Amino acid sequence: MVLLPVQSLLADYAVISNERSGNLVFMDEQGETLDVVALCARPRGMAQRSSDNTLFVACSDDDRVVEFDLATREPRRFYDGLPGAMSLDLHEPTQRLLLSNEGTAQATVLDTESGEILARLPTGLEPDGVAFSDDGGLIFVASENAGIVHVFDGVTYAPVTQLLTNLRPRRMAIREQELWVSSEMGSRVEIFDLERLVKTDEIIFAPRGFRSERLTPVDILFDHTGALAFVALGSANHVAVIDAESREIQKYILVGRRPWGLGITADGDRLFVLNGLSDDVTIIDPGKLRPVRTTRTGLVPHAVEIVH
Amino acid sequence: MSRVLCAWLLTLFLPLSVVAAEFEITILTSDSEDRQHDGRSFAGIVVQPHRPVLRAVELAVFESEALLKTLGMSARVDVHELDANAELLPQLQRVPASSLVILDLPLDVMERVVEPANELGLVTFNVRHSDAYLREEVCLPGLFHTIPSDNMYFDALGQFLVHRGWRRVLLVRGASERDQQRAATLVRSIRKFGASVVEERVFTLSHHPDDRDRNQPDFLTGGVSYDVVAVIDSNKDYGRYLQYSTRSPRPVVGDIGLEPRSWHFALERYGAPQLNERYRQFKSDAVIAEPATMTDAEFAAWAAVKLVSNSLTARVENETGGIATFNLSELLNDPDTQVDLYKGTRGSVRQWNNQLRQPVLLATSDAVIAIAPMPKFLHPKHYVDTLGLDEPESSCQLR
């Protein structure tokens, strides 16, 4: 989870990683492209360190993570030997970066200061989503193939337990004492209690007129208050807006083709939805629950970070 | 087999308990006459090398290990070689009744195996044969099909043709009974979606000079107007020579050219590259012919195992955190049983004929051109049920 600082004077902007074109697209809140920076082979997951304008980008086909300076818009440092680096999460208080290694059935914990690898965590096949608990005491890694969220101790890195999920768990998000996990092929989000590490609830997506198999949720994102959850529904070409407390689905918003990546501005005024197959981004006004604009990105946009 | 004998067999050979914490998989193979000719075309050229499904099964077991371990379970794979010349029943009686049985058999042997296996209460999977009659006429409660039916394959093709606007089809087929049957299925699919067959022409295989003239591609595809040539040539004897030789410059689809497939090494989406790479690198005792990519039969065998392992989580008991009972037929008869197929849409079992529902790829030798169902072909219940015989159309009504 990325904690955004208090509102600064500058407006927010979005940074979008594009898998196929290998670049970062910088975009303002209105959807105007500010800059395009060529970066690496298959940039995917990203994480931000707001204290010093740093963006970490997983360059999957280069087997590395790039530490990117948002001020100069240039790479500052490379962390190599990270095969198939895919999703990232930064625990800012301890400066540890957690990442999944897609092809090798493991996740890696990296000390971003020393550059040392602190742990290699064995997982089921095709690890994707990763998350630190807020206090850094637990580490979660979702194995798509196994249908398992592996839980590790955030200090000793010993396995704690495995949470069994529905088909193809992809991404995770934490809200208070809850871990939300999207099950891409199970067409649902499963909710686990962080204290007891058991499943407590699930939200099944079933908008009227859709065939269930077409609802393939991936990214989950909470707004700045934690009251609303947004879930990108992949093949259904919609984003679900959920009242996080009551679990009630408020609306399905039509976006582009195969939305996966989500990002929201600090003030909660703009939601960015990346449409991986139509190579564009849909910007949504969460207040009105309506799309404002859809505009071009690079090819196969994967993840978006909102910078302040 | 008479009902009395059947009941007798059931009491005699069903084990006392079918509950197992072990996931047993038995692959039945057989070296029959048919197999010797399998994949060999008229001139003796091997165009469809035979590949046992063992490697794909082992891969599926390997993939399932993390979950099985979590559940305190283990898996075992056994291969039983059937002697097709001997009586089959005693051989089938040696197969553990609680195991998932994968029929890696030539059609003639499989035909003789499925009924006695069903009467023994075995849960069997057809992973090799797309023939419609195995679903429609044989139609056994213990026999599942993870390989698509010809109806599914050809419906995918029919949708693609209509999607592309290639509605006038010249059908070229072999003279064998199998080609004739499969061609009938193709015609049905072509018409189902609004395309039409402008003419049906038959090639023959012989060294007779008259045939040689009649089989000239130029002649066989001449004198008629069409958008596309569809070929049914199960043994790939003749059709290979049609592409680039048709009288009119038209694409060739069917058993040659653009083929409906259930799996492909070049599928770029839905996690498929991970599965293909895993298969390529997988260390197995099962030697496979190049290229190291799953055939449809191998994918079907992989899917059979994954169908079970993907559905175990739903059977975990909250109190124990483990699986108390593991009954294959019960699991497979559950309409909620599902599998992640790496094709963008989860698979499940059609309750009426035990066919695995799944998307079908339309592919050339090195590219996936489209994935059916094609846009705008909609089904009221299941996304992929525009492919194959739907419940009201099927003569098989198991559940």
# chains A, B, ... in the order shown; residues from 1 in each chain; ligands from 1
call {"tool": "residues_around", "arguments": {"residues": "A:Ser278", "least_positions_apart": "2", "cutoff": "7 Å", "atoms": "only C-alpha atoms", "output": "list in words"}}
result
Gly256, Arg257, Asn275, Gly276 and Asp280 of chain A
call {"tool": "write_last_selection", "arguments": {"atoms": "C-alpha atoms", "output": "CSV table (one decimal), in the first residue's frame"}}
result
chain,number,residue,atom,x,y,z
A,256,GLY,CA,-12.3,0.1,-22.1
A,257,ARG,CA,-11.2,-3.4,-22.9
A,275,ASN,CA,-7.6,-0.9,-20.2
A,276,GLY,CA,-4.9,-3.4,-21.1
A,280,ASP,CA,-6.0,3.4,-23.1
call {"tool": "interface_residues", "arguments": {"of": "chain A", "to": "chain B", "cutoff": "7 Å", "atoms": "only C-alpha atoms", "output": "list in words"}}
result
Gly124, Leu125, Ala146, Leu164, Leu167, Met185, Arg211, Glu213 and Arg214 of chain A
call {"tool": "write_last_selection", "arguments": {"atoms": "C-alpha atoms", "output": "short mmCIF file (atom, residue, chain, number, x, y, z; two decimals), in the first residue's frame"}}
result
data_model
loop_
_atom_site.label_atom_id
_atom_site.label_comp_id
_atom_site.auth_asym_id
_atom_site.auth_seq_id
_atom_site.Cartn_x
_atom_site.Cartn_y
_atom_site.Cartn_z
CA GLY A 124 2.87 -21.76 -5.32
CA LEU A 125 3.26 -21.27 -9.06
CA ALA A 146 -2.26 -22.80 -6.63
CA LEU A 164 -7.21 -20.99 0.31
CA LEU A 167 -9.72 -19.76 -8.77
CA MET A 185 -11.46 -16.95 -12.57
CA ARG A 211 -22.40 -14.30 -18.08
CA GLU A 213 -17.46 -16.43 -16.54
CA ARG A 214 -16.82 -13.05 -18.13
#
call {"tool": "atom_distance", "arguments": {"atom1": "atom CA of A:Asp134", "atom2": "atom CA of A:Asp193"}}
result
13.9 Å
call {"tool": "residues_around", "arguments": {"residues": "B:Ala363", "least_positions_apart": "6", "cutoff": "10 Å", "atoms": "only C-alpha atoms", "output": "list in words"}}
result
Val253, Gly257, Leu258, Glu259, Pro260, Arg261, Ser262, Trp263, His264, Ala266, Leu267, Ile369, Ala370 and Ile371 of chain B
call {"tool": "write_last_selection", "arguments": {"atoms": "C-alpha atoms", "output": "compact mmCIF listing (two decimals), in the first residue's frame"}}
result
# COMPACT_ATOMS: atom_id res chain seq x y z
CA VAL B 253 -9.69 -23.81 -42.86
CA GLY B 257 -4.75 -24.10 -42.46
CA LEU B 258 -6.73 -22.24 -39.85
CA GLU B 259 -7.59 -24.99 -37.38
CA PRO B 260 -9.85 -24.97 -34.34
CA ARG B 261 -7.69 -26.05 -31.42
CA SER B 262 -8.09 -26.32 -27.69
CA TRP B 263 -4.50 -25.34 -26.97
CA HIS B 264 -1.61 -23.63 -28.72
CA ALA B 266 1.68 -19.33 -29.22
CA LEU B 267 -1.27 -18.21 -27.10
CA ILE B 369 -5.85 -15.75 -34.80
CA ALA B 370 -9.00 -15.69 -32.68
CA ILE B 371 -10.57 -17.22 -29.59
